[in-house]
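**Student:** Take a look at upload-v6.cif, mmCIF, N, CA and C atoms:
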```cif
data_query
loop_
_atom_site.group_PDB
_atom_site.id
_atom_site.type_symbol
_atom_site.label_atom_id
_atom_site.label_comp_id
_atom_site.auth_asym_id
_atom_site.auth_seq_id
_atom_site.Cartn_x
_atom_site.Cartn_y
_atom_site.Cartn_z
ATOM 1 N N MET N 1 31.071 143.683 -109.590
ATOM 2 C CA MET N 1 30.361 142.430 -109.762
ATOM 3 C C MET N 1 28.859 142.722 -109.807
ATOM 4 N N PRO N 2 28.115 142.208 -110.829
ATOM 5 C CA PRO N 2 26.696 142.516 -110.942
ATOM 6 C C PRO N 2 25.903 141.913 -109.782
ATOM 7 N N MET N 3 24.862 142.654 -109.418
ATOM 8 C CA MET N 3 23.989 142.176 -108.352
ATOM 9 C C MET N 3 23.149 141.021 -108.881
ATOM 10 N N PRO N 4 22.921 139.985 -108.051
ATOM 11 C CA PRO N 4 22.055 138.905 -108.500
ATOM 12 C C PRO N 4 20.623 139.415 -108.648
ATOM 13 N N LYS N 5 19.925 138.884 -109.631
ATOM 14 C CA LYS N 5 18.550 139.307 -109.861
ATOM 15 C C LYS N 5 17.668 138.735 -108.760
ATOM 16 N N GLN N 6 16.905 139.603 -108.122
ATOM 17 C CA GLN N 6 16.021 139.165 -107.063
ATOM 18 C C GLN N 6 14.757 138.582 -107.677
ATOM 19 N N GLU N 7 14.449 137.368 -107.302
ATOM 20 C CA GLU N 7 13.259 136.714 -107.817
ATOM 21 C C GLU N 7 12.027 137.240 -107.084
ATOM 22 N N LEU N 8 10.970 137.468 -107.839
ATOM 23 C CA LEU N 8 9.716 137.960 -107.289
ATOM 24 C C LEU N 8 8.702 136.823 -107.233
ATOM 25 N N THR N 9 7.754 136.914 -106.323
ATOM 26 C CA THR N 9 6.703 135.903 -106.249
ATOM 27 C C THR N 9 5.607 136.233 -107.255
ATOM 28 N N VAL N 10 4.824 135.226 -107.581
ATOM 29 C CA VAL N 10 3.697 135.411 -108.487
ATOM 30 C C VAL N 10 2.758 136.466 -107.926
ATOM 31 N N GLU N 11 2.530 136.425 -106.615
ATOM 32 C CA GLU N 11 1.616 137.388 -105.992
ATOM 33 C C GLU N 11 2.112 138.823 -106.144
ATOM 34 N N ILE N 12 3.393 139.045 -105.923
ATOM 35 C CA ILE N 12 3.955 140.400 -106.049
ATOM 36 C C ILE N 12 3.860 140.897 -107.484
ATOM 37 N N VAL N 13 4.213 140.041 -108.430
ATOM 38 C CA VAL N 13 4.156 140.423 -109.849
ATOM 39 C C VAL N 13 2.715 140.745 -110.246
ATOM 40 N N ALA N 14 1.780 139.891 -109.830
ATOM 41 C CA ALA N 14 0.371 140.117 -110.166
ATOM 42 C C ALA N 14 -0.112 141.444 -109.595
ATOM 43 N N ARG N 15 0.241 141.719 -108.364
ATOM 44 C CA ARG N 15 -0.197 142.969 -107.720
ATOM 45 C C ARG N 15 0.411 144.180 -108.418
ATOM 46 N N ARG N 16 1.691 144.097 -108.749
ATOM 47 C CA ARG N 16 2.366 145.250 -109.357
ATOM 48 C C ARG N 16 1.845 145.578 -110.751
ATOM 49 N N VAL N 17 1.395 144.554 -111.478
ATOM 50 C CA VAL N 17 0.912 144.784 -112.845
ATOM 51 C C VAL N 17 -0.612 144.926 -112.886
ATOM 52 N N GLY N 18 -1.279 144.478 -111.838
ATOM 53 C CA GLY N 18 -2.729 144.615 -111.795
ATOM 54 C C GLY N 18 -3.488 143.490 -112.459
ATOM 55 N N VAL N 19 -2.940 142.277 -112.372
ATOM 56 C CA VAL N 19 -3.626 141.094 -112.898
ATOM 57 C C VAL N 19 -3.746 140.066 -111.780
ATOM 58 N N SER N 20 -4.465 138.998 -112.048
ATOM 59 C CA SER N 20 -4.617 137.960 -111.030
ATOM 60 C C SER N 20 -3.407 137.029 -111.018
ATOM 61 N N ARG N 21 -3.238 136.338 -109.897
ATOM 62 C CA ARG N 21 -2.157 135.338 -109.805
ATOM 63 C C ARG N 21 -2.380 134.233 -110.818
ATOM 64 N N THR N 22 -3.639 133.893 -111.052
ATOM 65 C CA THR N 22 -3.970 132.850 -112.029
ATOM 66 C C THR N 22 -3.489 133.252 -113.422
ATOM 67 N N THR N 23 -3.677 134.504 -113.755
ATOM 68 C CA THR N 23 -3.240 135.005 -115.063
ATOM 69 C C THR N 23 -1.727 134.883 -115.198
ATOM 70 N N VAL N 24 -0.992 135.298 -114.174
ATOM 71 C CA VAL N 24 0.473 135.198 -114.211
ATOM 72 C C VAL N 24 0.888 133.739 -114.377
ATOM 73 N N ARG N 25 0.272 132.862 -113.596
ATOM 74 C CA ARG N 25 0.614 131.425 -113.699
ATOM 75 C C ARG N 25 0.297 130.875 -115.084
ATOM 76 N N ARG N 26 -0.825 131.297 -115.681
ATOM 77 C CA ARG N 26 -1.197 130.836 -117.021
ATOM 78 C C ARG N 26 -0.147 131.271 -118.044
ATOM 79 N N TYR N 27 0.324 132.520 -117.932
ATOM 80 C CA TYR N 27 1.327 133.012 -118.863
ATOM 81 C C TYR N 27 2.661 132.285 -118.675
ATOM 82 N N ILE N 28 2.970 131.906 -117.460
ATOM 83 C CA ILE N 28 4.184 131.120 -117.209
ATOM 84 C C ILE N 28 4.034 129.750 -117.864
ATOM 85 N N ARG N 29 2.890 129.096 -117.654
ATOM 86 C CA ARG N 29 2.665 127.770 -118.259
ATOM 87 C C ARG N 29 2.732 127.832 -119.781
ATOM 88 N N ARG N 30 2.227 128.927 -120.375
ATOM 89 C CA ARG N 30 2.247 129.082 -121.836
ATOM 90 C C ARG N 30 3.632 129.420 -122.374
ATOM 91 N N GLY N 31 4.549 129.752 -121.459
ATOM 92 C CA GLY N 31 5.896 130.113 -121.889
ATOM 93 C C GLY N 31 6.028 131.582 -122.254
ATOM 94 N N LEU N 32 5.019 132.378 -121.948
ATOM 95 C CA LEU N 32 5.079 133.804 -122.249
ATOM 96 C C LEU N 32 5.936 134.544 -121.236
ATOM 97 N N LEU N 33 6.035 134.002 -120.019
ATOM 98 C CA LEU N 33 6.884 134.556 -118.962
ATOM 99 C C LEU N 33 7.804 133.457 -118.460
ATOM 100 N N ARG N 34 8.957 133.872 -117.962
ATOM 101 C CA ARG N 34 9.882 132.909 -117.368
ATOM 102 C C ARG N 34 9.372 132.487 -115.996
ATOM 103 N N GLU N 35 9.728 131.291 -115.591
ATOM 104 C CA GLU N 35 9.327 130.826 -114.262
ATOM 105 C C GLU N 35 10.001 131.640 -113.176
ATOM 106 N N GLU N 36 11.234 132.082 -113.433
ATOM 107 C CA GLU N 36 11.954 132.918 -112.471
ATOM 108 C C GLU N 36 11.544 134.360 -112.715
ATOM 109 N N LEU N 37 10.557 134.802 -111.985
ATOM 110 C CA LEU N 37 10.028 136.147 -112.172
ATOM 111 C C LEU N 37 10.950 137.174 -111.529
ATOM 112 N N THR N 38 11.406 138.131 -112.336
ATOM 113 C CA THR N 38 12.254 139.214 -111.851
ATOM 114 C C THR N 38 11.688 140.531 -112.371
ATOM 115 N N GLU N 39 12.317 141.617 -111.973
ATOM 116 C CA GLU N 39 11.906 142.936 -112.471
ATOM 117 C C GLU N 39 11.885 142.973 -113.993
ATOM 118 N N ALA N 40 12.784 142.227 -114.617
ATOM 119 C CA ALA N 40 12.888 142.233 -116.078
ATOM 120 C C ALA N 40 11.635 141.673 -116.748
ATOM 121 N N GLU N 41 10.864 140.858 -116.047
ATOM 122 C CA GLU N 41 9.653 140.272 -116.627
ATOM 123 C C GLU N 41 8.461 141.227 -116.579
ATOM 124 N N LEU N 42 8.517 142.249 -115.737
ATOM 125 C CA LEU N 42 7.365 143.152 -115.584
ATOM 126 C C LEU N 42 7.003 143.877 -116.876
ATOM 127 N N PRO N 43 7.962 144.462 -117.599
ATOM 128 C CA PRO N 43 7.585 145.110 -118.875
ATOM 129 C C PRO N 43 6.985 144.122 -119.878
ATOM 130 N N ARG N 44 7.503 142.905 -119.883
ATOM 131 C CA ARG N 44 6.970 141.883 -120.785
ATOM 132 C C ARG N 44 5.521 141.549 -120.410
ATOM 133 N N LEU N 45 5.256 141.411 -119.120
ATOM 134 C CA LEU N 45 3.890 141.131 -118.676
ATOM 135 C C LEU N 45 2.966 142.293 -119.016
ATOM 136 N N ARG N 46 3.428 143.509 -118.838
ATOM 137 C CA ARG N 46 2.611 144.674 -119.199
ATOM 138 C C ARG N 46 2.315 144.684 -120.698
ATOM 139 N N ARG N 47 3.301 144.313 -121.501
ATOM 140 C CA ARG N 47 3.107 144.252 -122.962
ATOM 141 C C ARG N 47 2.044 143.199 -123.295
ATOM 142 N N ILE N 48 2.128 142.037 -122.637
ATOM 143 C CA ILE N 48 1.144 140.975 -122.852
ATOM 144 C C ILE N 48 -0.250 141.489 -122.492
ATOM 145 N N CYS N 49 -0.353 142.166 -121.370
ATOM 146 C CA CYS N 49 -1.653 142.699 -120.932
ATOM 147 C C CYS N 49 -2.203 143.716 -121.921
ATOM 148 N N ARG N 50 -1.330 144.581 -122.460
ATOM 149 C CA ARG N 50 -1.787 145.558 -123.464
ATOM 150 C C ARG N 50 -2.318 144.846 -124.709
ATOM 151 N N LEU N 51 -1.604 143.824 -125.149
ATOM 152 C CA LEU N 51 -2.045 143.075 -126.328
ATOM 153 C C LEU N 51 -3.388 142.398 -126.062
ATOM 154 N N ARG N 52 -3.532 141.816 -124.878
ATOM 155 C CA ARG N 52 -4.800 141.158 -124.523
ATOM 156 C C ARG N 52 -5.932 142.190 -124.470
ATOM 157 N N ASP N 53 -5.645 143.371 -123.929
ATOM 158 C CA ASP N 53 -6.657 144.436 -123.880
ATOM 159 C C ASP N 53 -7.089 144.857 -125.280
ATOM 160 N N LEU N 54 -6.180 144.731 -126.234
ATOM 161 C CA LEU N 54 -6.496 145.070 -127.626
ATOM 162 C C LEU N 54 -7.260 143.949 -128.337
ATOM 163 N N GLY N 55 -7.471 142.829 -127.625
ATOM 164 C CA GLY N 55 -8.233 141.728 -128.191
ATOM 165 C C GLY N 55 -7.404 140.631 -128.827
ATOM 166 N N VAL N 56 -6.086 140.660 -128.632
ATOM 167 C CA VAL N 56 -5.218 139.634 -129.210
ATOM 168 C C VAL N 56 -5.296 138.384 -128.340
ATOM 169 N N ASN N 57 -5.543 137.224 -128.957
ATOM 170 C CA ASN N 57 -5.586 135.987 -128.172
ATOM 171 C C ASN N 57 -4.165 135.537 -127.828
ATOM 172 N N LEU N 58 -4.040 134.530 -126.961
ATOM 173 C CA LEU N 58 -2.720 134.125 -126.485
ATOM 174 C C LEU N 58 -1.823 133.597 -127.601
ATOM 175 N N ALA N 59 -2.396 132.923 -128.585
ATOM 176 C CA ALA N 59 -1.592 132.461 -129.716
ATOM 177 C C ALA N 59 -1.025 133.665 -130.473
ATOM 178 N N GLY N 60 -1.842 134.681 -130.649
ATOM 179 C CA GLY N 60 -1.384 135.900 -131.312
ATOM 180 C C GLY N 60 -0.320 136.616 -130.503
ATOM 181 N N VAL N 61 -0.500 136.639 -129.185
ATOM 182 C CA VAL N 61 0.494 137.258 -128.307
ATOM 183 C C VAL N 61 1.836 136.556 -128.467
ATOM 184 N N GLU N 62 1.807 135.221 -128.492
ATOM 185 C CA GLU N 62 3.051 134.458 -128.672
ATOM 186 C C GLU N 62 3.749 134.852 -129.965
ATOM 187 N N ILE N 63 2.984 134.932 -131.040
ATOM 188 C CA ILE N 63 3.559 135.278 -132.346
ATOM 189 C C ILE N 63 4.133 136.688 -132.325
ATOM 190 N N ILE N 64 3.388 137.628 -131.775
ATOM 191 C CA ILE N 64 3.847 139.020 -131.728
ATOM 192 C C ILE N 64 5.125 139.140 -130.905
ATOM 193 N N LEU N 65 5.166 138.488 -129.741
ATOM 194 C CA LEU N 65 6.364 138.557 -128.903
ATOM 195 C C LEU N 65 7.566 137.914 -129.588
ATOM 196 N N HIS N 66 7.314 136.812 -130.297
ATOM 197 C CA HIS N 66 8.397 136.150 -131.027
ATOM 198 C C HIS N 66 8.931 137.061 -132.141
ATOM 199 N N MET N 67 8.019 137.680 -132.871
ATOM 200 C CA MET N 67 8.430 138.572 -133.956
ATOM 201 C C MET N 67 9.171 139.793 -133.396
ATOM 202 N N ARG N 68 8.707 140.304 -132.268
ATOM 203 C CA ARG N 68 9.375 141.448 -131.640
ATOM 204 C C ARG N 68 10.804 141.085 -131.254
ATOM 205 N N ARG N 69 10.977 139.888 -130.676
ATOM 206 C CA ARG N 69 12.311 139.434 -130.293
ATOM 207 C C ARG N 69 13.214 139.320 -131.529
ATOM 208 N N GLN N 70 12.660 138.785 -132.614
ATOM 209 C CA GLN N 70 13.443 138.666 -133.847
ATOM 210 C C GLN N 70 13.843 140.039 -134.379
ATOM 211 N N ILE N 71 12.938 140.994 -134.348
ATOM 212 C CA ILE N 71 13.243 142.344 -134.821
ATOM 213 C C ILE N 71 14.354 142.959 -133.982
ATOM 214 N N LEU N 72 14.252 142.823 -132.663
ATOM 215 C CA LEU N 72 15.291 143.376 -131.781
ATOM 216 C C LEU N 72 16.647 142.720 -132.041
ATOM 217 N N GLU N 73 16.641 141.413 -132.277
ATOM 218 C CA GLU N 73 17.897 140.710 -132.577
ATOM 219 C C GLU N 73 18.487 141.191 -133.902
ATOM 220 N N LEU N 74 17.629 141.383 -134.911
ATOM 221 C CA LEU N 74 18.107 141.874 -136.207
ATOM 222 C C LEU N 74 18.633 143.304 -136.102
ATOM 223 N N GLN N 75 17.952 144.140 -135.317
ATOM 224 C CA GLN N 75 18.430 145.504 -135.124
ATOM 225 C C GLN N 75 19.789 145.512 -134.430
ATOM 226 N N ALA N 76 19.960 144.637 -133.449
ATOM 227 C CA ALA N 76 21.244 144.541 -132.752
ATOM 228 C C ALA N 76 22.335 144.070 -133.709
ATOM 229 N N GLU N 77 21.996 143.134 -134.563
ATOM 230 C CA GLU N 77 22.962 142.634 -135.538
ATOM 231 C C GLU N 77 23.342 143.734 -136.534
ATOM 232 N N LEU N 78 22.345 144.494 -136.993
ATOM 233 C CA LEU N 78 22.636 145.603 -137.906
ATOM 234 C C LEU N 78 23.521 146.641 -137.225
ATOM 235 N N ALA N 79 23.242 146.934 -135.967
ATOM 236 C CA ALA N 79 24.067 147.891 -135.224
ATOM 237 C C ALA N 79 25.495 147.361 -135.088
ATOM 238 N N ARG N 80 25.608 146.068 -134.839
ATOM 239 C CA ARG N 80 26.939 145.458 -134.711
ATOM 240 C C ARG N 80 27.711 145.579 -136.022
ATOM 241 N N LEU N 81 27.001 145.476 -137.119
ATOM 242 C CA LEU N 81 27.641 145.573 -138.433
ATOM 243 C C LEU N 81 27.849 147.016 -138.879
ATOM 244 N N GLY N 82 27.354 147.959 -138.094
ATOM 245 C CA GLY N 82 27.550 149.366 -138.411
ATOM 246 C C GLY N 82 26.563 149.916 -139.419
ATOM 247 N N TRP N 83 25.420 149.288 -139.572
ATOM 248 C CA TRP N 83 24.405 149.725 -140.514
ATOM 249 C C TRP N 83 23.763 151.010 -140.013
ATOM 250 N N GLN N 84 23.592 151.965 -140.907
ATOM 251 C CA GLN N 84 22.950 153.220 -140.544
ATOM 252 C C GLN N 84 21.488 153.159 -140.947
ATOM 253 N N GLN N 85 20.621 153.526 -140.013
ATOM 254 C CA GLN N 85 19.186 153.468 -140.304
ATOM 255 C C GLN N 85 18.756 154.554 -141.278
ATOM 256 N N SER N 86 19.359 155.707 -141.218
ATOM 257 C CA SER N 86 18.918 156.799 -142.089
ATOM 258 C C SER N 86 19.916 156.998 -143.219
ATOM 259 N N ARG N 87 19.835 156.103 -144.207
ATOM 260 C CA ARG N 87 20.697 156.234 -145.378
ATOM 261 C C ARG N 87 20.118 157.294 -146.302
ATOM 262 N N PRO N 88 20.974 158.086 -146.936
ATOM 263 C CA PRO N 88 20.451 159.027 -147.932
ATOM 264 C C PRO N 88 19.849 158.259 -149.103
ATOM 265 N N ARG N 89 18.819 158.812 -149.702
ATOM 266 C CA ARG N 89 18.161 158.127 -150.824
ATOM 267 C C ARG N 89 19.116 157.856 -151.981
ATOM 268 N N ALA N 90 20.069 158.727 -152.180
ATOM 269 C CA ALA N 90 21.001 158.557 -153.297
ATOM 270 C C ALA N 90 21.804 157.270 -153.148
ATOM 271 N N SER N 91 21.969 156.778 -151.917
ATOM 272 C CA SER N 91 22.775 155.577 -151.728
ATOM 273 C C SER N 91 21.955 154.302 -151.875
ATOM 274 N N LEU N 92 20.640 154.446 -152.047
ATOM 275 C CA LEU N 92 19.805 153.276 -152.222
ATOM 276 C C LEU N 92 19.949 152.742 -153.646
ATOM 277 N N PRO N 93 19.877 151.432 -153.796
ATOM 278 C CA PRO N 93 19.834 150.888 -155.159
ATOM 279 C C PRO N 93 18.600 151.451 -155.873
ATOM 280 N N PRO N 94 18.634 151.568 -157.184
ATOM 281 C CA PRO N 94 17.547 152.211 -157.936
ATOM 282 C C PRO N 94 16.156 151.657 -157.629
ATOM 283 N N THR N 95 16.010 150.353 -157.469
ATOM 284 C CA THR N 95 14.679 149.784 -157.192
ATOM 285 C C THR N 95 14.172 150.211 -155.833
ATOM 286 N N GLU N 96 15.039 150.282 -154.827
ATOM 287 C CA GLU N 96 14.612 150.710 -153.490
ATOM 288 C C GLU N 96 14.271 152.186 -153.487
ATOM 289 N N ALA N 97 15.048 153.006 -154.186
ATOM 290 C CA ALA N 97 14.790 154.436 -154.240
ATOM 291 C C ALA N 97 13.422 154.693 -154.897
ATOM 292 N N LYS N 98 13.126 153.960 -155.979
ATOM 293 C CA LYS N 98 11.853 154.123 -156.657
ATOM 294 C C LYS N 98 10.699 153.687 -155.756
ATOM 295 N N ALA N 99 10.876 152.570 -155.047
ATOM 296 C CA ALA N 99 9.823 152.069 -154.155
ATOM 297 C C ALA N 99 9.556 153.082 -153.045
ATOM 298 N N GLU N 100 10.587 153.697 -152.486
ATOM 299 C CA GLU N 100 10.394 154.689 -151.430
ATOM 300 C C GLU N 100 9.700 155.925 -151.984
ATOM 301 N N LYS N 101 10.041 156.319 -153.230
ATOM 302 C CA LYS N 101 9.432 157.499 -153.846
ATOM 303 C C LYS N 101 7.955 157.276 -154.116
ATOM 304 N N ASP N 102 7.577 156.044 -154.479
ATOM 305 C CA ASP N 102 6.194 155.711 -154.808
ATOM 306 C C ASP N 102 5.308 155.641 -153.572
ATOM 307 N N THR N 103 5.877 155.481 -152.385
ATOM 308 C CA THR N 103 5.035 155.333 -151.179
ATOM 309 C C THR N 103 4.701 156.637 -150.551
#
```
Take the structure from the file and write it as structure tokens.

**Tutor:**
Amino acid sequence: MPMPKQELTVEIVARRVGVSRTTVRRYIRRGLLREELTEAELPRLRRICRLRDLGVNLAGVEIILHMRRQILELQAELARLGWQQSRPRASLPPTEAKAEKDT
């Protein structure tokens, strides 16, 4: 039986990632983090902090995280369908093979 996820406080999460409690609360209000803070949210918060350090505003962070989630979902779907990432060029349709050769 899986262990229940232990909820963390805003203060603990802020301390572990090196941000203020206000910052964590702001990201929760924006929907960037779940209200139920667990270990699983720490990598997401670190990713948000890296994006902010790179100068991405919160609207941009939202878009990037949404696109990342979509990419991961599509990759999972491709894996479920048995799609191979490294197809030989010969198996590509002619237009795709030419486009890859030109790049």

**Student:** Could you check how far CA of Leu32 (chain N) sits from CA of Leu45 (chain N), in Å to one decimal?

**Tutor:**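 Atom-to-atom, CA of Leu32 (chain N) to CA of Leu45 (chain N), that is 8.2 Å.
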
**Student:** Would you compute the box with edges along x, y and z of the file around region 47-66 of chain N, including every atom the file lists for it and 6 Å extra on each side, and give its centre and edge lengths in Å to one decimal, as JSON?

**Tutor:**
```
{"center_x": 0.3, "center_y": 139.0, "center_z": -126.6, "size_x": 29.2, "size_y": 25.1, "size_z": 23.4}
```

**Student:** Between atom C of Val61 (chain N) and atom N of Thr38 (chain N), what is the distance in Å, rounded to a tenth?

**Tutor:** 18.8 Å

**Student:** Within 6 Å of (-0.6, 132.9, -112.8) (file coordinates; all atoms listed in the file), which protein or nucleic acid residues are there? I'd like them as a list in words.

**Tutor:**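 It turns out the residues near that spot are Ser20, Arg21, Thr22, Thr23, Val24, Arg25, Arg26, Tyr27 and Ile28 of chain N.
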
**Student:** Mind pulling up the distance from atom C of Ala40 (chain N) to atom C of Leu65 (chain N)?

**Tutor:**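 Going from atom C of Leu65 (chain N) over to atom C of Ala40 (chain N), I get 14.0 Å.
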
**Student:** List as a PyMOL selection string the protein and nucleic acid residues near Leu42 (chain N), meaning an atom at most 8 Å away when all atoms listed in the file are counted, but skip any in the same chain fewer than 5 places from it.

**Tutor:** chain N and resi 13+16-17+37+47-48

**Student:** Taking N, CA and C atoms for each residue, export the selection above as a CSV table (one decimal), keeping the file's coordinate frame.

**Tutor:**
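Output saved as selection32.csv:
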```csv
chain,number,residue,atom,x,y,z
N,13,VAL,N,4.2,140.0,-108.4
N,13,VAL,CA,4.2,140.4,-109.8
N,13,VAL,C,2.7,140.7,-110.2
N,16,ARG,N,1.7,144.1,-108.7
N,16,ARG,CA,2.4,145.2,-109.4
N,16,ARG,C,1.8,145.6,-110.8
N,17,VAL,N,1.4,144.6,-111.5
N,17,VAL,CA,0.9,144.8,-112.8
N,17,VAL,C,-0.6,144.9,-112.9
N,37,LEU,N,10.6,134.8,-112.0
N,37,LEU,CA,10.0,136.1,-112.2
N,37,LEU,C,11.0,137.2,-111.5
N,47,ARG,N,3.3,144.3,-121.5
N,47,ARG,CA,3.1,144.3,-123.0
N,47,ARG,C,2.0,143.2,-123.3
N,48,ILE,N,2.1,142.0,-122.6
N,48,ILE,CA,1.1,141.0,-122.9
N,48,ILE,C,-0.2,141.5,-122.5
```

**Student:** Hey, which of N:Glu7, N:Met67, N:Leu74, N:Trp83 ends up closest to Glu36 (chain N)? Count only C-alpha atoms.

**Tutor:**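 For Glu36 (chain N), the nearest of the given residues is N:Glu7.
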